[in-house]
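**Q** Hey, dropping final_39.cif in here, mmCIF, C-alpha atoms and all ligand atoms:
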```
data_upload
loop_
_atom_site.label_atom_id
_atom_site.label_comp_id
_atom_site.auth_asym_id
_atom_site.auth_seq_id
_atom_site.Cartn_x
_atom_site.Cartn_y
_atom_site.Cartn_z
CA MET P 27 75.61 115.19 90.80
CA GLN P 28 73.40 114.06 87.96
CA MET P 29 73.05 110.29 87.85
CA GLN P 30 74.55 108.69 84.79
CA GLU P 31 72.70 106.09 82.87
CA PHE P 32 73.69 102.77 84.33
CA PRO P 33 75.52 100.61 81.78
CA LYS P 34 74.29 97.30 83.12
CA HIS P 35 75.66 95.30 80.24
CA ALA P 36 79.14 96.10 81.48
CA LEU P 37 78.50 94.71 84.94
CA ASP P 38 77.12 91.52 83.47
CA ASN P 39 80.40 90.87 81.74
CA PRO P 40 83.25 91.34 84.17
CA VAL P 41 86.76 91.07 82.86
CA LYS P 42 87.98 87.52 83.15
CA ASN P 43 91.20 86.58 81.47
CA GLY P 44 90.93 89.75 79.46
CA SER P 45 87.71 88.78 77.75
CA GLY P 46 85.47 91.52 79.10
CA GLU P 47 85.25 95.16 78.21
CA LEU P 48 84.24 96.66 81.48
CA THR P 49 85.46 100.22 81.68
CA ILE P 50 84.86 103.15 83.92
CA GLU P 51 84.75 106.47 82.18
CA PRO P 52 85.91 109.59 84.01
CA GLU P 53 82.41 111.07 84.11
CA LEU P 54 81.17 108.00 86.00
CA ILE P 55 83.54 108.43 88.92
CA GLY P 56 81.70 109.08 92.16
CA THR P 57 78.41 107.89 90.73
CA GLU P 58 76.18 105.01 91.67
CA TYR P 59 77.80 103.13 88.82
CA GLN P 60 81.17 103.31 90.52
CA HIS P 61 79.63 102.14 93.78
CA GLU P 62 78.05 99.17 92.01
CA LEU P 63 81.34 98.43 90.32
CA GLU P 64 83.17 98.34 93.65
CA GLN P 65 80.52 96.04 95.08
CA LYS P 66 80.79 93.74 92.11
CA ARG P 67 84.58 93.57 92.32
CA ALA P 68 84.35 92.82 96.06
CA THR P 69 81.88 90.01 95.38
CA GLU P 70 84.18 88.58 92.71
CA VAL P 71 87.03 88.56 95.23
CA GLU P 72 84.87 86.64 97.73
CA GLU P 73 83.65 84.18 95.12
CA LEU P 74 87.13 83.42 93.86
CA ASN P 75 88.37 82.90 97.42
CA GLU P 76 85.55 80.43 98.00
CA HIS P 77 86.22 78.64 94.72
CA MET P 78 89.92 78.37 95.60
CA ARG P 79 89.43 76.77 99.01
CA PRO P 80 90.15 73.18 97.89
CA TYR P 81 93.26 74.30 96.00
CA LYS P 82 95.00 76.10 98.86
CA PHE P 83 97.87 74.47 100.69
CA PRO P 84 98.90 76.40 103.83
CA LEU P 85 102.57 77.35 103.90
CA ARG P 86 103.54 75.40 107.00
CA ASP P 87 102.04 72.18 105.59
CA ARG P 88 103.64 72.88 102.22
CA VAL P 89 107.03 73.38 103.87
CA LYS P 90 106.73 69.92 105.43
CA ALA P 91 105.58 68.32 102.19
CA LEU P 92 108.58 69.87 100.42
CA GLY P 93 111.01 68.92 103.22
CA LYS P 94 112.13 72.55 103.56
CA GLU P 95 111.70 73.02 107.29
CA ASP P 96 115.31 74.18 107.72
CA LEU P 97 115.02 76.92 105.14
CA PHE P 98 111.71 78.02 106.63
CA ALA P 99 113.25 78.26 110.12
CA GLU P 100 116.31 80.12 108.79
CA LEU P 101 114.19 82.67 106.97
CA GLN P 102 112.03 83.20 110.03
CA GLU P 103 115.12 83.79 112.14
CA TYR P 104 116.61 86.12 109.52
CA ALA P 105 113.40 88.17 109.30
CA GLN P 106 113.18 88.38 113.07
CA THR P 107 116.75 89.53 113.71
CA GLU P 108 117.40 91.63 110.61
CA ILE P 109 114.03 93.36 110.34
CA CYS P 110 111.52 92.86 113.15
CA ASP P 111 113.78 93.16 116.21
CA LYS P 112 115.46 96.28 114.80
CA LEU P 113 112.15 97.92 113.92
CA ASN P 114 110.84 97.10 117.38
CA VAL P 115 113.59 99.25 118.91
CA ALA P 116 112.56 102.27 116.87
CA PHE P 117 108.83 101.60 116.57
CA PRO P 118 107.56 99.46 119.47
CA ALA P 119 103.96 98.41 120.07
CA GLY P 120 101.55 101.25 120.48
CA GLU P 121 100.83 103.84 117.89
CA ILE P 122 101.09 102.78 114.28
CA PRO P 123 103.97 104.67 112.58
CA SER P 124 103.11 107.78 110.59
CA GLU P 125 103.09 107.78 106.80
CA ALA P 126 106.42 109.67 106.81
CA GLN P 127 107.93 107.03 109.10
CA MET P 128 106.59 104.32 106.81
CA VAL P 129 108.78 105.74 104.04
CA ASP P 130 111.87 105.33 106.22
CA ILE P 131 110.76 101.86 107.33
CA ARG P 132 110.39 100.68 103.74
CA ASP P 133 113.82 102.06 102.84
CA PHE P 134 115.31 100.28 105.83
CA ALA P 135 113.68 96.92 105.12
CA ARG P 136 113.63 96.73 101.32
CA ALA P 137 116.91 94.88 100.71
CA ASN P 138 116.24 92.28 103.38
CA LEU P 139 112.65 91.77 102.22
CA LYS P 140 113.96 91.26 98.69
CA PHE P 141 116.30 88.55 99.96
CA ILE P 142 113.52 86.83 101.91
CA ALA P 143 111.05 86.97 99.02
CA GLY P 144 113.70 85.56 96.67
CA MET P 145 114.43 82.66 99.01
CA ALA P 146 110.71 82.04 99.53
CA ARG P 147 110.50 81.00 95.86
CA SER P 148 111.58 77.59 97.19
CA PHE P 149 108.13 77.14 98.72
CA ALA P 150 106.37 77.31 95.34
CA MET P 151 104.53 74.28 94.01
CA HIS P 152 104.23 74.36 90.24
CA HIS P 153 104.17 71.67 87.59
CA ARG P 154 106.65 73.10 85.06
CA GLU P 155 109.64 70.80 84.59
CA PRO P 156 112.52 70.85 85.09
CA ASP P 157 112.24 74.42 86.28
CA PRO P 158 108.95 75.15 88.06
CA TYR P 159 107.52 78.63 87.78
CA ARG P 160 108.43 80.12 91.12
CA VAL P 161 107.34 83.41 92.62
CA GLY P 162 108.28 84.41 96.14
CA GLY P 163 106.65 87.12 98.19
CA ALA P 164 107.23 88.86 101.49
CA ALA P 165 104.99 91.23 103.40
CA LEU P 166 106.20 93.50 106.16
CA VAL P 167 103.31 94.00 108.58
CA TYR P 168 102.57 95.95 111.74
CA ARG P 169 100.34 94.12 114.25
CA ASN P 170 98.13 95.16 117.12
CA VAL P 171 99.83 93.49 120.12
CA PRO P 172 99.99 94.19 123.87
CA PRO P 173 102.64 96.66 125.09
CA GLY P 174 106.05 95.03 125.30
CA GLU P 175 105.44 92.56 122.48
CA ASN P 176 106.97 93.05 119.06
CA PRO P 177 104.36 94.40 116.64
CA TRP P 178 106.47 93.70 113.55
CA ALA P 179 106.28 90.55 111.45
CA VAL P 180 107.47 89.46 108.05
CA LEU P 181 105.26 86.96 106.26
CA PHE P 182 106.72 85.11 103.30
CA ASP P 183 105.11 82.70 100.87
CA ALA P 184 105.10 81.53 97.26
CA ASN P 185 102.82 80.65 94.36
CA THR P 186 100.96 77.37 93.99
CA LYS P 187 99.12 75.64 91.16
CA LEU P 188 97.58 72.54 92.68
CA ASP P 189 94.95 69.96 92.04
CA LYS P 190 92.36 69.33 94.73
CA GLU P 191 93.18 65.79 95.69
CA LEU P 192 93.66 65.03 99.37
CA THR P 193 97.39 65.20 98.82
CA PRO P 194 97.82 68.48 96.93
CA ALA P 195 100.07 68.10 93.93
CA PRO P 196 101.23 70.55 91.28
CA SER P 197 99.22 70.09 88.13
CA PRO P 198 98.80 71.89 84.79
CA GLU P 199 95.06 71.46 85.34
CA GLY P 200 95.32 72.90 88.82
CA GLU P 201 94.26 76.36 89.90
CA LYS P 202 96.92 79.00 90.25
CA TRP P 203 97.20 80.95 93.47
CA CYS P 204 99.82 83.65 93.49
CA ALA P 205 102.37 84.39 96.20
CA GLU P 206 100.49 87.63 96.86
CA GLN P 207 97.22 85.71 97.28
CA ASN P 208 98.77 83.24 99.69
CA LEU P 209 100.19 86.20 101.65
CA MET P 210 96.83 87.99 101.73
CA ASP P 211 95.18 84.76 102.93
CA ARG P 212 97.58 84.63 105.84
CA ILE P 213 96.34 88.05 106.95
CA THR P 214 92.62 87.47 106.39
CA LYS P 215 92.82 83.90 107.80
CA PRO P 216 95.90 83.68 110.05
CA GLN P 217 97.55 80.26 110.22
CA ASP P 218 99.55 81.04 113.34
CA SER P 219 99.28 83.41 116.31
CA SER P 220 102.24 85.42 114.96
CA GLU P 221 100.06 86.38 112.00
CA GLU P 222 97.09 87.58 114.01
CA GLY P 223 96.08 91.17 114.49
CA VAL P 224 97.68 92.65 111.40
CA GLN P 225 96.78 96.34 111.35
CA ARG P 226 98.76 97.39 108.35
CA ILE P 227 100.73 95.94 105.45
CA VAL P 228 103.68 98.30 105.13
CA SER P 229 105.27 96.73 102.08
CA MET P 230 104.68 93.83 99.72
CA VAL P 231 107.69 92.44 97.85
CA ILE P 232 107.53 90.06 94.87
CA VAL P 233 110.38 88.17 93.20
CA GLY P 234 109.63 86.22 90.03
CA GLU P 235 110.36 85.90 86.35
CA ALA P 236 109.14 89.02 84.59
CA ARG P 237 106.10 88.42 82.43
CA PRO P 238 102.80 90.18 81.80
CA ASP P 239 99.61 88.60 83.10
CA ASP P 240 96.78 87.29 80.93
CA VAL P 241 94.94 90.59 81.02
CA SER P 242 97.69 93.13 80.56
CA ILE P 243 99.41 91.09 77.83
CA GLN P 244 96.45 91.96 75.63
CA GLN P 245 97.21 95.62 76.22
CA ASP P 246 100.80 95.02 75.17
CA VAL P 247 102.13 96.06 78.57
CA LYS P 248 105.87 95.40 78.73
CA GLN P 249 107.33 94.19 81.99
CA ILE P 250 110.79 94.46 83.50
CA THR P 251 109.53 92.76 86.68
CA LEU P 252 106.66 90.52 87.67
CA THR P 253 104.00 92.85 89.03
CA PRO P 254 100.73 91.63 90.59
CA CYS P 255 98.37 89.95 88.11
CA TYR P 256 94.77 90.94 87.49
CA ILE P 257 93.21 88.85 90.25
CA CYS P 258 95.83 90.07 92.74
CA ARG P 259 95.33 93.70 91.73
CA ARG P 260 91.60 93.24 92.09
CA ARG P 261 91.95 91.77 95.57
CA MET P 262 94.42 94.44 96.68
CA LEU P 263 91.87 97.07 95.74
CA PHE P 264 88.57 95.38 96.62
CA ASP P 265 88.95 92.73 99.33
CA LYS P 266 86.79 94.29 102.01
CA GLN P 267 88.71 92.58 104.80
CA LEU P 268 91.89 94.28 103.61
CA THR P 269 90.68 97.56 102.17
CA GLY P 270 87.59 98.35 104.25
CA GLY P 271 87.20 100.67 107.22
CA GLU P 272 88.72 104.00 108.18
CA SER P 273 92.19 102.62 108.62
CA PRO P 274 92.54 99.77 106.12
CA ILE P 275 95.11 97.00 106.43
CA LEU P 276 96.04 97.46 102.78
CA PRO P 277 95.58 101.12 101.84
CA PRO P 278 96.08 102.12 98.19
CA ASP P 279 99.38 103.81 99.06
CA THR P 280 100.95 100.50 100.09
CA GLU P 281 104.21 99.89 98.26
CA VAL P 282 104.58 96.92 95.97
CA TYR P 283 108.25 96.31 95.29
CA SER P 284 108.86 93.87 92.44
CA ILE P 285 112.13 92.33 91.31
CA ASP P 286 112.99 90.16 88.31
CA ALA P 287 114.27 86.86 89.67
CA ASN P 288 116.70 86.42 86.76
CA HIS P 289 118.14 89.96 86.77
CA ASP P 290 117.82 91.35 90.25
CA TRP P 291 118.96 94.81 89.17
CA ARG P 292 115.59 95.07 87.41
CA ASP P 293 113.27 96.32 90.10
CA LYS P 294 110.36 98.66 90.48
CA TYR P 295 108.39 100.39 93.25
CA GLN P 296 104.72 101.03 92.72
CA LYS P 297 101.82 101.91 94.94
CA VAL P 298 98.79 99.63 94.88
CA ARG P 299 96.77 102.54 93.50
CA ASP P 300 99.12 102.80 90.50
CA LEU P 301 98.81 99.15 89.44
CA PRO P 302 95.57 99.41 87.42
CA ASN P 303 96.81 102.33 85.35
CA PHE P 304 100.11 100.63 84.72
CA HIS P 305 98.31 97.51 83.50
CA LYS P 306 95.67 99.51 81.64
CA ASP P 307 92.82 97.94 83.64
CA LYS P 308 90.29 100.63 82.94
CA ASN P 309 87.72 98.80 85.02
CA LEU P 310 89.83 99.09 88.16
CA GLN P 311 90.91 102.67 87.72
CA GLU P 312 90.08 105.68 89.81
CA ILE P 313 88.73 103.71 92.71
ZN ZN P 401 98.46 87.22 91.01
#
```
Using structure tokens, write down the structure that the file contains.

**A**
Amino acid sequence: MQMQEFPKHALDNPVKNGSGELTIEPELIGTEYQHELEQKRATEVEELNEHMRPYKFPLRDRVKALGKEDLFAELQEYAQTEICDKLNVAFPAGEIPSEAQMVDIRDFARANLKFIAGMARSFAMHHREPDPYRVGGAALVYRNVPPGENPWAVLFDANTKLDKELTPAPSPEGEKWCAEQNLMDRITKPQDSSEEGVQRIVSMVIVGEARPDDVSIQQDVKQITLTPCYICRRRMLFDKQLTGGESPILPPDTEVYSIDANHDWRDKYQKVRDLPNFHKDKNLQEI
């Protein structure tokens, strides 16, 4: 393939809060330019993760700070009995289920994951009063465990927007970290042995108030649910820990199921690979 001229100016100005104009034209797909673009997006993911370190508040510590240990324990028990134990009967440790089986597994688990993600909104920390902005998330995952152990786990978490004092507190000046980001952190940096060895995210479920993110709002994208924002979409597509290798933890066909917290009949299934087109992120397309 003939090499395209490399539009360096575009790489120098990545999209941030919708201010950039980085695009990838169809004729550039498969070129060195695309490769560079992927590298740049991956680096941005790493840099943001590093920047966010002082603003992250691990779920178990947050649960204690919020005094919600009972709810946390109830949700864990619910996920175990209603989802993980049942899946373990049909799909025990060993070979990861086929893509066709994944379809059945998502159908089986969707309603319960929606319930868990909705309840996990209670673990949000956000400054808005009297009604904090709350987004709950749940991820159904398959783990690499020894024979006889249950490979299934449901991780749940919520959004935070915290300052970086020693005692994290919600703050308008804080840095936002979405439920999806907190969930992805739990897989890339497990906080508990039950979160270790994740081989595959089967489904990611998000419950929040429907609204467009800072980037897609400029494209006039209407929302019936809260779908992953720009930085989440970018990480879902470019975090090397999640998307790298022959059998990635978060392949582009992973389902993202989103539900409007205020009207739970408004829901939507999308694949990760469909999110950029839906949000008109030209710079993330066709990867
Ligand atoms: Zn997000």

**Q** If you count only C-alpha atoms and all ligand atoms, which residues end up within 6 Å of ligand ZN 401 (chain P), as a list in words?

**A** Cys204, Pro254, Cys255, Ile257 and Cys258 of chain P

**Q** Considering all atoms listed in the file, state which residue in the set P:Arg299, P:Lys190, P:Lys202, P:Arg86 is at the smallest distance from Pro216 of chain P.

**A**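 Comparing P:Arg299, P:Lys190, P:Lys202, P:Arg86 against Pro216 of chain P, the winner is P:Arg86.
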
**Q** Do a neighbour search on Lys82 of chain P at 12 Å with all atoms listed in the file, toss out local chain neighbours closer than 3 positions, and write the hits as a PyMOL selection string.

**A** chain P and resi 74-79+85-88+150-151+184-196+200-205+207-209+211-212

**Q** I need the residues from that last selection saved to file as a CSV table (one decimal), in the coordinates of the input (with C-alpha atoms), if you can.

**A**
```
chain,number,residue,atom,x,y,z
P,74,LEU,CA,87.1,83.4,93.9
P,75,ASN,CA,88.4,82.9,97.4
P,76,GLU,CA,85.6,80.4,98.0
P,77,HIS,CA,86.2,78.6,94.7
P,78,MET,CA,89.9,78.4,95.6
P,79,ARG,CA,89.4,76.8,99.0
P,85,LEU,CA,102.6,77.4,103.9
P,86,ARG,CA,103.5,75.4,107.0
P,87,ASP,CA,102.0,72.2,105.6
P,88,ARG,CA,103.6,72.9,102.2
P,150,ALA,CA,106.4,77.3,95.3
P,151,MET,CA,104.5,74.3,94.0
P,184,ALA,CA,105.1,81.5,97.3
P,185,ASN,CA,102.8,80.6,94.4
P,186,THR,CA,101.0,77.4,94.0
P,187,LYS,CA,99.1,75.6,91.2
P,188,LEU,CA,97.6,72.5,92.7
P,189,ASP,CA,95.0,70.0,92.0
P,190,LYS,CA,92.4,69.3,94.7
P,191,GLU,CA,93.2,65.8,95.7
P,192,LEU,CA,93.7,65.0,99.4
P,193,THR,CA,97.4,65.2,98.8
P,194,PRO,CA,97.8,68.5,96.9
P,195,ALA,CA,100.1,68.1,93.9
P,196,PRO,CA,101.2,70.6,91.3
P,200,GLY,CA,95.3,72.9,88.8
P,201,GLU,CA,94.3,76.4,89.9
P,202,LYS,CA,96.9,79.0,90.2
P,203,TRP,CA,97.2,81.0,93.5
P,204,CYS,CA,99.8,83.6,93.5
P,205,ALA,CA,102.4,84.4,96.2
P,207,GLN,CA,97.2,85.7,97.3
P,208,ASN,CA,98.8,83.2,99.7
P,209,LEU,CA,100.2,86.2,101.6
P,211,ASP,CA,95.2,84.8,102.9
P,212,ARG,CA,97.6,84.6,105.8
```

**Q** Please determine, counting all atoms listed in the file, which residue among P:Ala179, P:Ala236, P:Ile250, P:Ile131 has the shortest atom-to-atom distance to Asp111 of chain P.

**A**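 Once distances to Asp111 of chain P are computed over all atoms listed in the file, the minimum belongs to P:Ala179.
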
**Q** Choose the residue, out of P:Glu108, P:Asp246, P:Asp286, P:Asp279, that has the smallest atom-to-atom separation from Gly234 of chain P; count only C-alpha atoms.

**A**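 Once distances to Gly234 of chain P are computed over only C-alpha atoms, the minimum belongs to P:Asp286.
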
**Q** Nearest to Gly120 of chain P: which of P:Lys215, P:Arg169, P:Lys94, P:Lys297 is it, counting only C-alpha atoms?

**A**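 Answer, going by the shortest atom-to-atom distance: P:Arg169.
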
**Q** With only C-alpha atoms as the atoms that count, which of P:Asn288, P:Ala68, P:Val247, P:His152 lies nearest to Pro198 of chain P?

**A** P:His152

**Q** Name the closest residue to Val231 of chain P among the candidates P:Thr269, P:Gln127, P:Gln296, P:Gln249; distances are taken between atoms, counting only C-alpha atoms.

**A** P:Gln296

**Q** So the first atom is atom CA of Gly144 of chain P and the second is atom CA of Gly162 of chain P; what is the distance between them in Å, to one decimal place?

**A**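 So the two atoms, atom CA of Gly144 of chain P and atom CA of Gly162 of chain P, lie 5.6 Å apart.
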
**Q** Report, in Å with one decimal, the straight-line distance from atom CA of Ala143 of chain P to atom CA of Thr251 of chain P.

**A**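 Going from atom CA of Ala143 of chain P over to atom CA of Thr251 of chain P covers 13.7 Å.
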
**Q** How would you write as a VMD selection string the residues that get within 10 Å of (94.2, 97.7, 104.8) in the file's frame, counting only C-alpha atoms?

**A** chain P and resid 224 to 228 262 to 263 265 to 280

**Q** Kindly extract all protein, DNA and RNA residues lying within 12 Å of the coordinates (112.8, 74.5, 105.6) given in the file, considering only C-alpha atoms, and supply them as a PyMOL selection string.

**A** chain P and resi 85-103+145-149

**Q** Would you work out the distance separating atom CA of Ala126 of chain P from atom CA of Tyr283 of chain P, expressed in Å to one decimal?

**A**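 One can read the atom CA of Ala126 of chain P to atom CA of Tyr283 of chain P distance as 17.7 Å.
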
**Q** Identify, on the basis of all atoms listed in the file, every residue whose closest approach to Ile285 of chain P does not exceed 7 Å; exclude the query and any residue fewer than 4 positions from it along the same chain; express the result as a PyMOL selection string.

**A** chain P and resi 232-234+251-252+290+292-294

**Q** What's the 6 Å shell around segment 114-119 of chain P, counting only C-alpha atoms, without same-chain residues fewer than 5 positions away, as a ChimeraX atom specification?

**A** /P:173,176-177
